[in-house]
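Q: Enclosed is the structure file upload-v9.pdb (PDB, C-alpha atoms).
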ATOM      1  CA  MET A   1       0.000   0.000   0.000
ATOM      2  CA  THR A   2       1.324   3.404  -0.876
ATOM      3  CA  SER A   3       0.798   6.143   1.646
ATOM      4  CA  PRO A   4      -1.777   8.439   0.077
ATOM      5  CA  ALA A   5      -0.935  12.095  -0.416
ATOM      6  CA  ALA A   6      -3.083  14.617   1.422
ATOM      7  CA  PRO A   7      -5.844  15.886  -0.867
ATOM      8  CA  PRO A   8      -5.595  19.490  -2.041
ATOM      9  CA  ALA A   9      -7.092  22.346  -0.033
ATOM     10  CA  HIS A  10     -10.306  22.632  -2.049
ATOM     11  CA  VAL A  11     -11.022  18.923  -1.552
ATOM     12  CA  ARG A  12     -10.451  19.201   2.207
ATOM     13  CA  THR A  13     -12.667  22.279   2.314
ATOM     14  CA  TYR A  14     -15.369  20.392   0.423
ATOM     15  CA  LEU A  15     -15.222  17.459   2.854
ATOM     16  CA  ASP A  16     -15.333  19.834   5.836
ATOM     17  CA  GLU A  17     -18.479  21.398   4.384
ATOM     18  CA  VAL A  18     -20.087  17.965   3.947
ATOM     19  CA  ARG A  19     -19.242  17.042   7.552
ATOM     20  CA  ARG A  20     -20.677  20.352   8.742
ATOM     21  CA  HIS A  21     -23.998  19.477   7.095
ATOM     22  CA  LEU A  22     -23.941  16.110   8.887
ATOM     23  CA  ALA A  23     -22.868  17.624  12.212
ATOM     24  CA  ASP A  24     -26.021  16.482  14.009
ATOM     25  CA  LEU A  25     -25.164  12.785  13.441
ATOM     26  CA  PRO A  26     -23.034  10.817  15.919
ATOM     27  CA  ALA A  27     -19.330  11.144  15.045
ATOM     28  CA  ASP A  28     -18.983   7.435  14.168
ATOM     29  CA  ASP A  29     -21.974   7.506  11.819
ATOM     30  CA  ARG A  30     -20.693  10.676  10.175
ATOM     31  CA  ALA A  31     -17.255   9.148   9.655
ATOM     32  CA  GLU A  32     -18.851   5.974   8.267
ATOM     33  CA  LEU A  33     -20.838   7.998   5.718
ATOM     34  CA  THR A  34     -18.059  10.305   4.577
ATOM     35  CA  ALA A  35     -15.252   7.699   4.516
ATOM     36  CA  PRO A  36     -16.069   6.301   1.031
ATOM     37  CA  VAL A  37     -16.356   9.824  -0.384
ATOM     38  CA  GLU A  38     -13.001  10.771   1.108
ATOM     39  CA  GLN A  39     -11.465   7.527  -0.142
ATOM     40  CA  ARG A  40     -12.760   8.216  -3.636
ATOM     41  CA  LEU A  41     -11.501  11.796  -3.680
ATOM     42  CA  VAL A  42      -8.062  10.784  -2.430
ATOM     43  CA  GLU A  43      -7.902   8.153  -5.194
ATOM     44  CA  LEU A  44      -9.014  10.638  -7.847
ATOM     45  CA  PHE A  45      -6.412  13.092  -6.646
ATOM     46  CA  ALA A  46      -3.673  10.451  -6.467
ATOM     47  CA  ARG A  47      -4.410   9.378 -10.039
ATOM     48  CA  GLY A  48      -3.424  12.857 -11.242
ATOM     49  CA  GLY A  49      -4.469  14.032 -14.684
ATOM     50  CA  GLY A  50      -5.598  17.530 -13.817
ATOM     51  CA  PRO A  51      -7.478  19.151 -10.975
ATOM     52  CA  VAL A  52     -10.352  17.230  -9.447
ATOM     53  CA  ASP A  53     -13.705  18.949  -9.936
ATOM     54  CA  VAL A  54     -15.278  17.744  -6.722
ATOM     55  CA  GLU A  55     -18.670  19.347  -7.222
ATOM     56  CA  ARG A  56     -19.007  17.833 -10.684
ATOM     57  CA  GLN A  57     -18.256  14.432  -9.213
ATOM     58  CA  PHE A  58     -20.513  14.582  -6.169
ATOM     59  CA  GLY A  59     -22.642  17.737  -6.457
ATOM     60  CA  SER A  60     -22.565  20.522  -3.900
ATOM     61  CA  PRO A  61     -21.685  19.683  -0.280
ATOM     62  CA  VAL A  62     -25.322  20.345   0.684
ATOM     63  CA  GLN A  63     -26.562  17.957  -1.974
ATOM     64  CA  LEU A  64     -24.011  15.264  -1.161
ATOM     65  CA  ALA A  65     -24.804  15.454   2.558
ATOM     66  CA  ALA A  66     -28.535  15.249   1.757
ATOM     67  CA  ASP A  67     -27.988  12.213  -0.527
ATOM     68  CA  LEU A  68     -25.874  10.406   2.062
ATOM     69  CA  ARG A  69     -28.306  11.226   4.827
ATOM     70  CA  SER A  70     -31.491  10.152   3.035
ATOM     71  CA  SER A  71     -30.060   6.992   1.441
ATOM     72  CA  ALA A  72     -28.579   5.907   4.768
ATOM     73  CA  GLY A  73     -31.983   6.357   6.404
ATOM     74  CA  TYR A  74     -31.136   9.237   8.713
ATOM     75  CA  PRO A  75     -33.776  11.902   9.347
ATOM     76  CA  PRO A  76     -33.354  15.402   7.916
ATOM     77  CA  PRO A  77     -31.252  17.687  10.133
ATOM     78  CA  ALA A  78     -32.879  18.568  13.417
ATOM     79  CA  ALA A  79     -34.180  22.081  13.970
ATOM     80  CA  PRO A  80     -31.582  24.429  15.480
ATOM     81  CA  SER A  81     -31.416  24.573  19.260
ATOM     82  CA  SER A  82     -32.743  28.126  19.264
ATOM     83  CA  GLY A  83     -36.027  26.670  18.023
ATOM     84  CA  SER A  84     -36.830  29.852  16.105
ATOM     85  CA  TRP A  85     -39.446  29.583  13.361
ATOM     86  CA  PHE A  86     -36.949  31.076  10.924
ATOM     87  CA  GLY A  87     -34.304  28.454  11.687
ATOM     88  CA  THR A  88     -36.868  25.663  11.326
ATOM     89  CA  TRP A  89     -38.136  27.112   8.056
ATOM     90  CA  LEU A  90     -34.560  27.449   6.798
ATOM     91  CA  GLN A  91     -33.722  23.832   7.654
ATOM     92  CA  ARG A  92     -36.864  22.503   5.968
ATOM     93  CA  THR A  93     -36.458  24.674   2.899
ATOM     94  CA  SER A  94     -32.806  23.806   2.361
ATOM     95  CA  ALA A  95     -33.663  20.095   2.586
ATOM     96  CA  ASP A  96     -35.847  20.430  -0.549
ATOM     97  CA  PRO A  97     -33.837  19.010  -3.487
ATOM     98  CA  ARG A  98     -34.810  21.903  -5.793
ATOM     99  CA  VAL A  99     -33.712  24.474  -3.219
ATOM    100  CA  ALA A 100     -30.570  22.421  -2.565
ATOM    101  CA  ALA A 101     -29.786  22.581  -6.307
ATOM    102  CA  VAL A 102     -30.134  26.383  -6.304
ATOM    103  CA  ILE A 103     -28.016  26.644  -3.147
ATOM    104  CA  GLY A 104     -25.456  24.391  -4.822
ATOM    105  CA  TYR A 105     -25.324  26.642  -7.888
ATOM    106  CA  VAL A 106     -25.026  29.829  -5.850
ATOM    107  CA  SER A 107     -22.340  28.162  -3.723
ATOM    108  CA  SER A 108     -20.399  27.361  -6.887
ATOM    109  CA  LEU A 109     -20.171  31.111  -7.563
ATOM    110  CA  ARG A 110     -18.470  31.810  -4.250
ATOM    111  CA  PRO A 111     -14.917  32.044  -5.656
ATOM    112  CA  ALA A 112     -16.063  34.932  -7.904
ATOM    113  CA  TRP A 113     -17.430  36.707  -4.851
ATOM    114  CA  TRP A 114     -14.195  36.094  -2.930
ATOM    115  CA  ALA A 115     -12.276  37.775  -5.770
ATOM    116  CA  ALA A 116     -14.689  40.727  -5.921
ATOM    117  CA  ARG A 117     -14.581  41.030  -2.138
ATOM    118  CA  GLY A 118     -10.801  41.434  -2.147
ATOM    119  CA  TYR A 119     -10.993  44.184  -4.751
ATOM    120  CA  LEU A 120     -13.859  45.982  -3.021
ATOM    121  CA  VAL A 121     -12.369  45.863   0.470
ATOM    122  CA  LEU A 122      -9.068  47.223  -0.852
ATOM    123  CA  GLY A 123     -11.001  49.991  -2.591
ATOM    124  CA  GLY A 124     -12.847  50.757   0.628
ATOM    125  CA  VAL A 125      -9.630  50.914   2.647
ATOM    126  CA  LEU A 126      -8.069  53.262   0.114
ATOM    127  CA  ALA A 127     -11.224  55.377  -0.048
ATOM    128  CA  VAL A 128     -11.062  55.856   3.702
ATOM    129  CA  LEU A 129      -7.293  56.178   4.127
ATOM    130  CA  GLY A 130      -6.312  57.575   0.715
ATOM    131  CA  PRO A 131      -5.881  61.266  -0.118
ATOM    132  CA  GLU A 132      -9.139  63.205  -0.094
ATOM    133  CA  LYS A 133      -8.754  64.516  -3.615
ATOM    134  CA  TYR A 134      -8.943  61.062  -5.181
ATOM    135  CA  GLY A 135     -11.988  59.837  -3.316
ATOM    136  CA  LEU A 136     -11.813  56.640  -5.362
ATOM    137  CA  HIS A 137     -14.957  57.188  -7.312
ATOM    138  CA  THR A 138     -13.433  55.790 -10.459
ATOM    139  CA  ILE A 139     -10.861  53.269 -11.414
ATOM    140  CA  GLY A 140      -8.992  56.123 -13.075
ATOM    141  CA  TYR A 141      -8.519  57.815  -9.707
ATOM    142  CA  TYR A 142      -7.482  54.522  -8.252
ATOM    143  CA  HIS A 143      -4.818  54.296 -10.908
ATOM    144  CA  GLN A 144      -3.775  57.858 -10.251
ATOM    145  CA  LEU A 145      -3.374  57.246  -6.546
ATOM    146  CA  PHE A 146      -0.629  54.711  -7.165
ATOM    147  CA  VAL A 147       0.966  56.682  -9.964
ATOM    148  CA  ASP A 148       1.248  59.725  -7.704
ATOM    149  CA  ALA A 149       2.267  57.766  -4.651
ATOM    150  CA  LEU A 150       5.171  55.949  -6.222
ATOM    151  CA  PRO A 151       5.912  57.404  -9.633
ATOM    152  CA  PRO A 152       8.241  54.803 -11.132
ATOM    153  CA  HIS A 153       6.250  51.823  -9.946
ATOM    154  CA  GLY A 154       2.711  53.173 -10.096
ATOM    155  CA  ASN A 155       1.483  50.954 -12.882
ATOM    156  CA  VAL A 156       2.977  47.838 -11.379
ATOM    157  CA  LEU A 157       1.336  48.570  -8.060
ATOM    158  CA  TRP A 158      -1.931  49.380  -9.731
ATOM    159  CA  VAL A 159      -2.025  45.816 -10.999
ATOM    160  CA  ALA A 160      -0.060  44.045  -8.267
ATOM    161  CA  VAL A 161      -1.800  45.417  -5.182
ATOM    162  CA  PRO A 162      -5.368  44.625  -6.320
ATOM    163  CA  LEU A 163      -4.211  41.182  -7.477
ATOM    164  CA  LEU A 164      -2.667  40.574  -4.070
ATOM    165  CA  ALA A 165      -5.887  41.688  -2.375
ATOM    166  CA  ILE A 166      -7.932  39.409  -4.646
ATOM    167  CA  GLY A 167      -5.562  36.479  -4.059
ATOM    168  CA  ALA A 168      -5.638  36.989  -0.302
ATOM    169  CA  SER A 169      -9.433  37.160  -0.283
ATOM    170  CA  ILE A 170      -9.696  33.912  -2.288
ATOM    171  CA  ALA A 171      -7.225  32.232   0.082
ATOM    172  CA  VAL A 172      -9.350  33.359   3.041
ATOM    173  CA  GLY A 173     -12.485  32.092   1.253
ATOM    174  CA  VAL A 174     -11.016  28.634   0.694
ATOM    175  CA  ARG A 175     -10.044  28.338   4.359
ATOM    176  CA  THR A 176     -13.150  29.921   5.881
ATOM    177  CA  PRO A 177     -14.965  26.650   6.790
ATOM    178  CA  ARG A 178     -11.937  25.514   8.795
ATOM    179  CA  LEU A 179     -11.423  28.798  10.642
ATOM    180  CA  PRO A 180     -12.439  29.143  14.287
ATOM    181  CA  ARG A 181     -15.819  30.727  14.952
ATOM    182  CA  THR A 182     -14.444  34.180  15.851
ATOM    183  CA  ALA A 183     -12.314  34.316  12.687
ATOM    184  CA  ARG A 184     -15.383  33.395  10.629
ATOM    185  CA  TRP A 185     -17.136  36.454  12.048
ATOM    186  CA  ILE A 186     -14.246  38.572  10.808
ATOM    187  CA  VAL A 187     -14.773  37.079   7.353
ATOM    188  CA  VAL A 188     -18.472  37.969   7.587
ATOM    189  CA  ALA A 189     -17.395  41.525   8.485
ATOM    190  CA  LEU A 190     -15.232  41.590   5.337
ATOM    191  CA  ASP A 191     -18.233  40.452   3.276
ATOM    192  CA  VAL A 192     -20.366  43.198   4.780
ATOM    193  CA  ALA A 193     -17.615  45.787   4.195
ATOM    194  CA  ALA A 194     -17.385  44.737   0.536
ATOM    195  CA  VAL A 195     -21.144  45.115   0.067
ATOM    196  CA  VAL A 196     -21.034  48.516   1.774
ATOM    197  CA  VAL A 197     -18.231  49.660  -0.548
ATOM    198  CA  LEU A 198     -20.173  48.388  -3.560
ATOM    199  CA  LEU A 199     -23.233  50.385  -2.516
ATOM    200  CA  ALA A 200     -21.432  53.461  -1.185
ATOM    201  CA  PHE A 201     -19.228  53.955  -4.242
ATOM    202  CA  PRO A 202     -21.461  52.855  -7.069
ATOM    203  CA  THR A 203     -19.234  54.371  -9.712
ATOM    204  CA  TRP A 204     -15.747  53.867  -8.380
ATOM    205  CA  TRP A 205     -15.145  50.958 -10.710
ATOM    206  CA  MET A 206     -16.204  52.958 -13.779
ATOM    207  CA  PRO A 207     -13.644  54.112 -16.255
ATOM    208  CA  PRO A 208     -13.134  57.871 -15.969
ATOM    209  CA  ALA A 209     -15.308  58.601 -19.020
ATOM    210  CA  GLY A 210     -18.269  56.784 -17.471
ATOM    211  CA  ALA A 211     -17.936  58.742 -14.261
ATOM    212  CA  TYR A 212     -17.592  61.973 -16.243
ATOM    213  CA  PHE A 213     -20.831  61.392 -18.122
ATOM    214  CA  ALA A 214     -22.524  60.333 -14.902
ATOM    215  CA  GLY A 215     -21.665  63.833 -13.653
ATOM    216  CA  LEU A 216     -19.575  62.559 -10.780
ATOM    217  CA  VAL A 217     -16.298  64.170 -11.834
ATOM    218  CA  GLY A 218     -15.628  67.410 -13.595
TER     219      GLY A 218
ATOM    220  CA  MET B   1     -48.423  28.847 -17.997
ATOM    221  CA  GLU B   2     -48.391  25.154 -17.181
ATOM    222  CA  SER B   3     -45.790  22.669 -18.255
ATOM    223  CA  ALA B   4     -46.472  18.948 -18.484
ATOM    224  CA  ALA B   5     -45.179  17.073 -15.454
ATOM    225  CA  ASN B   6     -42.545  14.439 -16.136
ATOM    226  CA  TYR B   7     -42.536  11.149 -14.305
ATOM    227  CA  ASP B   8     -39.964  11.197 -11.524
ATOM    228  CA  ALA B   9     -38.142   7.863 -11.829
ATOM    229  CA  SER B  10     -35.991   8.599  -8.785
ATOM    230  CA  GLN B  11     -38.899   7.697  -6.484
ATOM    231  CA  LEU B  12     -39.261   4.370  -8.280
ATOM    232  CA  LEU B  13     -35.541   3.700  -7.944
ATOM    233  CA  LYS B  14     -35.509   4.510  -4.256
ATOM    234  CA  GLY B  15     -37.476   1.413  -3.394
ATOM    235  CA  ALA B  16     -35.476  -0.832  -5.698
ATOM    236  CA  LEU B  17     -31.966   0.354  -4.856
ATOM    237  CA  ASP B  18     -31.632  -1.927  -1.824
ATOM    238  CA  LEU B  19     -32.301  -4.982  -3.974
ATOM    239  CA  VAL B  20     -30.023  -3.748  -6.750
ATOM    240  CA  VAL B  21     -27.118  -3.216  -4.350
ATOM    241  CA  LEU B  22     -27.669  -6.588  -2.690
ATOM    242  CA  ALA B  23     -27.845  -8.277  -6.103
ATOM    243  CA  VAL B  24     -24.554  -6.663  -7.172
ATOM    244  CA  LEU B  25     -22.920  -8.021  -4.021
ATOM    245  CA  ALA B  26     -24.593 -11.446  -4.178
ATOM    246  CA  ASP B  27     -21.775 -13.235  -5.979
ATOM    247  CA  GLU B  28     -18.705 -11.403  -4.739
ATOM    248  CA  GLU B  29     -17.846  -8.816  -2.140
ATOM    249  CA  ASN B  30     -16.864  -5.357  -3.308
ATOM    250  CA  TYR B  31     -16.206  -1.789  -2.202
ATOM    251  CA  GLY B  32     -18.463   1.259  -2.577
ATOM    252  CA  TYR B  33     -17.257   2.796  -5.813
ATOM    253  CA  GLU B  34     -17.101  -0.569  -7.615
ATOM    254  CA  VAL B  35     -20.683  -1.264  -6.529
ATOM    255  CA  ALA B  36     -21.656   2.137  -7.945
ATOM    256  CA  ARG B  37     -19.868   1.380 -11.230
ATOM    257  CA  ARG B  38     -21.698  -1.903 -11.603
ATOM    258  CA  VAL B  39     -25.039  -0.260 -10.898
ATOM    259  CA  TRP B  40     -24.292   2.382 -13.557
ATOM    260  CA  ALA B  41     -23.053  -0.256 -16.025
ATOM    261  CA  GLY B  42     -26.273  -2.177 -15.417
ATOM    262  CA  GLY B  43     -28.243   0.721 -16.881
ATOM    263  CA  LEU B  44     -29.029   2.846 -13.815
ATOM    264  CA  ALA B  45     -26.700   5.685 -14.734
ATOM    265  CA  ASP B  46     -28.759   8.295 -12.842
ATOM    266  CA  VAL B  47     -28.161   6.762  -9.422
ATOM    267  CA  ARG B  48     -25.927   9.100  -7.456
ATOM    268  CA  GLU B  49     -22.680   7.749  -6.075
ATOM    269  CA  ALA B  50     -23.504   9.101  -2.624
ATOM    270  CA  SER B  51     -26.819   7.213  -2.648
ATOM    271  CA  ILE B  52     -24.921   3.957  -3.123
ATOM    272  CA  TYR B  53     -22.619   4.778  -0.203
ATOM    273  CA  GLY B  54     -25.560   5.675   2.047
ATOM    274  CA  THR B  55     -27.455   2.550   1.010
ATOM    275  CA  LEU B  56     -24.445   0.335   1.793
ATOM    276  CA  THR B  57     -24.153   1.927   5.251
ATOM    277  CA  ARG B  58     -27.847   1.385   5.958
ATOM    278  CA  LEU B  59     -27.887  -2.231   4.725
ATOM    279  CA  TYR B  60     -24.812  -2.938   6.846
ATOM    280  CA  ARG B  61     -26.486  -1.433   9.918
ATOM    281  CA  ALA B  62     -29.513  -3.627   9.232
ATOM    282  CA  GLY B  63     -27.287  -6.717   9.339
ATOM    283  CA  LEU B  64     -27.789  -7.580   5.655
ATOM    284  CA  LEU B  65     -24.140  -6.996   4.757
ATOM    285  CA  THR B  66     -20.799  -8.018   6.187
ATOM    286  CA  SER B  67     -17.763  -5.768   5.878
ATOM    287  CA  ARG B  68     -14.014  -5.949   6.122
ATOM    288  CA  MET B  69     -11.223  -3.466   5.519
ATOM    289  CA  ALA B  70      -8.649  -4.188   2.827
ATOM    290  CA  PRO B  71      -5.657  -2.135   1.675
ATOM    291  CA  SER B  72      -5.886  -0.131  -1.528
ATOM    292  CA  ALA B  73      -2.968   0.638  -3.828
ATOM    293  CA  THR B  74      -4.143   4.173  -4.476
ATOM    294  CA  GLY B  75      -5.554   5.553  -1.240
ATOM    295  CA  PRO B  76      -6.798   4.800   2.257
ATOM    296  CA  ASP B  77      -7.984   1.272   3.120
ATOM    297  CA  ARG B  78     -11.210   0.234   1.424
ATOM    298  CA  LYS B  79     -14.251  -1.249   3.067
ATOM    299  CA  TYR B  80     -15.410  -4.347   1.212
ATOM    300  CA  TYR B  81     -19.017  -5.398   1.636
ATOM    301  CA  GLY B  82     -20.531  -8.832   1.106
ATOM    302  CA  LEU B  83     -23.920 -10.419   1.783
ATOM    303  CA  SER B  84     -24.603 -11.900   5.209
ATOM    304  CA  ALA B  85     -26.946 -14.902   5.551
ATOM    305  CA  PRO B  86     -29.894 -12.597   6.333
ATOM    306  CA  GLY B  87     -28.819 -10.526   3.306
ATOM    307  CA  HIS B  88     -29.108 -13.553   1.003
ATOM    308  CA  ALA B  89     -32.526 -14.402   2.440
ATOM    309  CA  TYR B  90     -33.661 -10.786   2.079
ATOM    310  CA  LEU B  91     -32.502 -10.710  -1.549
ATOM    311  CA  ASP B  92     -34.284 -13.998  -2.409
ATOM    312  CA  ASP B  93     -37.486 -12.727  -0.866
ATOM    313  CA  GLY B  94     -37.058  -9.341  -2.538
ATOM    314  CA  ARG B  95     -36.594 -10.952  -5.957
ATOM    315  CA  LYS B  96     -39.858 -12.872  -5.624
ATOM    316  CA  GLN B  97     -41.748  -9.802  -4.468
ATOM    317  CA  TRP B  98     -40.240  -7.692  -7.236
ATOM    318  CA  GLU B  99     -41.304 -10.229  -9.860
ATOM    319  CA  SER B 100     -44.906 -10.438  -8.700
ATOM    320  CA  THR B 101     -45.181  -6.664  -8.295
ATOM    321  CA  ARG B 102     -43.600  -6.078 -11.707
ATOM    322  CA  ASN B 103     -45.996  -8.530 -13.387
ATOM    323  CA  ALA B 104     -48.973  -6.866 -11.780
ATOM    324  CA  ILE B 105     -47.807  -3.369 -12.718
ATOM    325  CA  ASP B 106     -46.970  -4.456 -16.289
ATOM    326  CA  HIS B 107     -50.505  -5.732 -16.668
ATOM    327  CA  LEU B 108     -52.073  -2.640 -15.131
ATOM    328  CA  LEU B 109     -50.028  -0.309 -17.325
ATOM    329  CA  ASP B 110     -50.642  -2.280 -20.516
ATOM    330  CA  PRO B 111     -53.497  -4.815 -20.172
ATOM    331  CA  SER B 112     -53.029  -6.097 -23.747
ATOM    332  CA  THR B 113     -49.601  -7.642 -23.063
ATOM    333  CA  GLY B 114     -49.850  -9.150 -19.609
ATOM    334  CA  GLU B 115     -51.793 -12.235 -18.610
ATOM    335  CA  GLY B 116     -52.908 -10.590 -15.434
ATOM    336  CA  SER B 117     -52.653 -12.076 -12.022
ATOM    337  CA  ARG B 118     -55.326 -14.261 -10.577
TER     338      ARG B 118
END
Go ahead and render the structure in this file as structure tokens.

A:
Amino acid sequence: MTSPAAPPAHVRTYLDEVRRHLADLPADDRAELTAPVEQRLVELFARGGGPVDVERQFGSPVQLAADLRSSAGYPPPAAPSSGSWFGTWLQRTSADPRVAAVIGYVSSLRPAWWAARGYLVLGGVLAVLGPEKYGLHTIGYYHQLFVDALPPHGNVLWVAVPLLAIGASIAVGVRTPRLPRTARWIVVALDVAAVVVLLAFPTWWMPPAGAYFAGLVG
Amino acid sequence: MESAANYDASQLLKGALDLVVLAVLADEENYGYEVARRVWAGGLADVREASIYGTLTRLYRAGLLTSRMAPSATGPDRKYYGLSAPGHAYLDDGRKQWESTRNAIDHLLDPSTGEGSR
């Protein structure tokens, strides 16, 4: 027997998500249900031949957990301990296969949001901390900020810094399910900040001409 | 704006999957993914892999399957399932019931072809 290599981060994240959706089951039962999936993913990964598209293989984590649960004869997840009508409604609704399919699709778009979040949060930080005159209402000002700040390297930074922010945000997104509870709240705060920036600076991503015609810059 | 409803075969499969899995394991023991492959190769390509794994777990809990761990060349150890004595009895009984139910349904769905029962 060869010792299997650890699966890549996105596979581990996927399995963590599946386990989270089976969290109400006894640990032994949960391990019993997820073991063949883990085995299969490790084998797929070990075989090589390109990245493993986990969701294409097994569906979304919600869907996989629901399939495992129902075929193994376990009841749908219990209502949350708070017993609120909203929590109960949410549990019942997300157990519906059609809703689970929609949730699965929306979940598959998360990496795009992680990338946008990095860009937006960086924009928000610069809007707050950057020089008043730029205000960051357009991408042209954003460009200008770096050009003025560091003349010889402005263009490099204009590309490199946002890319770093986007990369960091994606890295945080991939690891979020494994972060401790308090750190996950910080991630939620980042999400909220990104939405706030998106709403507060509706034109900051526009090219200068767009902002000019929108009457936002003279 | 109404669209015609399509028959949902997944409900039909749900009841039959236990027998299908037991039948696949009747002659030789095997592990989860290989069971899934045989079910797909047998013409039930829409059965989800996870449903096979869940079904195996449930049948094992019910005492219809035996299991043992065996090393794999490409990953963690595999769990091989086989039929227990109650599993064989359950499958034999299930086959008979399937046949009589299928004959009755065939006749009800298309009275011209079946002989009918009783």

Q: List as a list in words the protein and nucleic acid residues near Arg12 in chain A, meaning an atom at most 10 Å away when all atoms listed in the file are counted, but skip any in the same chain fewer than 4 places from it.

A: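 Final neighbour list, sorted by chain and number: Ala6, Pro7, Pro8, Asp16, Glu17, Val18, Glu38, Leu41, Val42, Val174, Arg175, Pro177 and Arg178 of chain A.
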
Q: Mind giving me the straight-line distance from CA of Ala183 in chain A to CA of Ala165 in chain A in Å, one decimal?

A: 18.0 Å

Q: Have a look at CA of Val35 in chain B and CA of Ile52 in chain B and let me know their distance in Å, one decimal.

A: 7.5 Å

Q: Apply the PyMOL selection byres ((chain A) within 12 of (chain B)) to the displayed file and report the matching residues as JSON, numbers by chain.

A: {"A": [1, 2, 3, 4, 5, 6, 7, 18, 28, 29, 30, 31, 32, 33, 34, 35, 36, 37, 38, 39, 40, 41, 42, 43, 44, 45, 46, 47, 48, 56, 57, 58, 59, 60, 61, 62, 63, 64, 65, 66, 67, 68, 69, 70, 71, 72, 73, 74, 97]}

Q: For CA of Thr66 in chain B and CA of Gly82 in chain B, determine how far apart the two atoms are, in Å to one decimal place.

A: 5.2 Å

Q: Quick one: of A:Pro75, A:Pro162, A:Gly167, A:Gly104, who's nearest to Gly124 in chain A, counting only C-alpha atoms?

A: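 Between A:Pro75, A:Pro162, A:Gly167, A:Gly104, the residue approaching Gly124 in chain A most closely is A:Pro162.
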
Q: Applying the PyMOL selection byres ((chain B and resi 39) around 12) to the file I just gave you, which residues come out? Please list them as a VMD selection string.

A: chain B and resid 13 16 to 25 32 to 38 40 to 49 51 to 52

Q: Do you know which residues are at most 9 Å from Leu83 in chain B counting all atoms listed in the file, after dropping those on the same chain fewer than 4 positions away, and could you put them as a ChimeraX atom specification?

A: /B:22,25-29,64-67,87-88

Q: Kindly save the residues from that selection, with C-alpha atoms included, as a PDB file, in the coordinates of the input.

A:
ATOM      1  CA  LEU B  22     -27.669  -6.588  -2.690  1.00  0.00           C
ATOM      2  CA  LEU B  25     -22.920  -8.021  -4.021  1.00  0.00           C
ATOM      3  CA  ALA B  26     -24.593 -11.446  -4.178  1.00  0.00           C
ATOM      4  CA  ASP B  27     -21.775 -13.235  -5.979  1.00  0.00           C
ATOM      5  CA  GLU B  28     -18.705 -11.403  -4.739  1.00  0.00           C
ATOM      6  CA  GLU B  29     -17.846  -8.816  -2.140  1.00  0.00           C
ATOM      7  CA  LEU B  64     -27.789  -7.580   5.655  1.00  0.00           C
ATOM      8  CA  LEU B  65     -24.140  -6.996   4.757  1.00  0.00           C
ATOM      9  CA  THR B  66     -20.799  -8.018   6.187  1.00  0.00           C
ATOM     10  CA  SER B  67     -17.763  -5.768   5.878  1.00  0.00           C
ATOM     11  CA  GLY B  87     -28.819 -10.526   3.306  1.00  0.00           C
ATOM     12  CA  HIS B  88     -29.108 -13.553   1.003  1.00  0.00           C
TER      13      HIS B  88
END
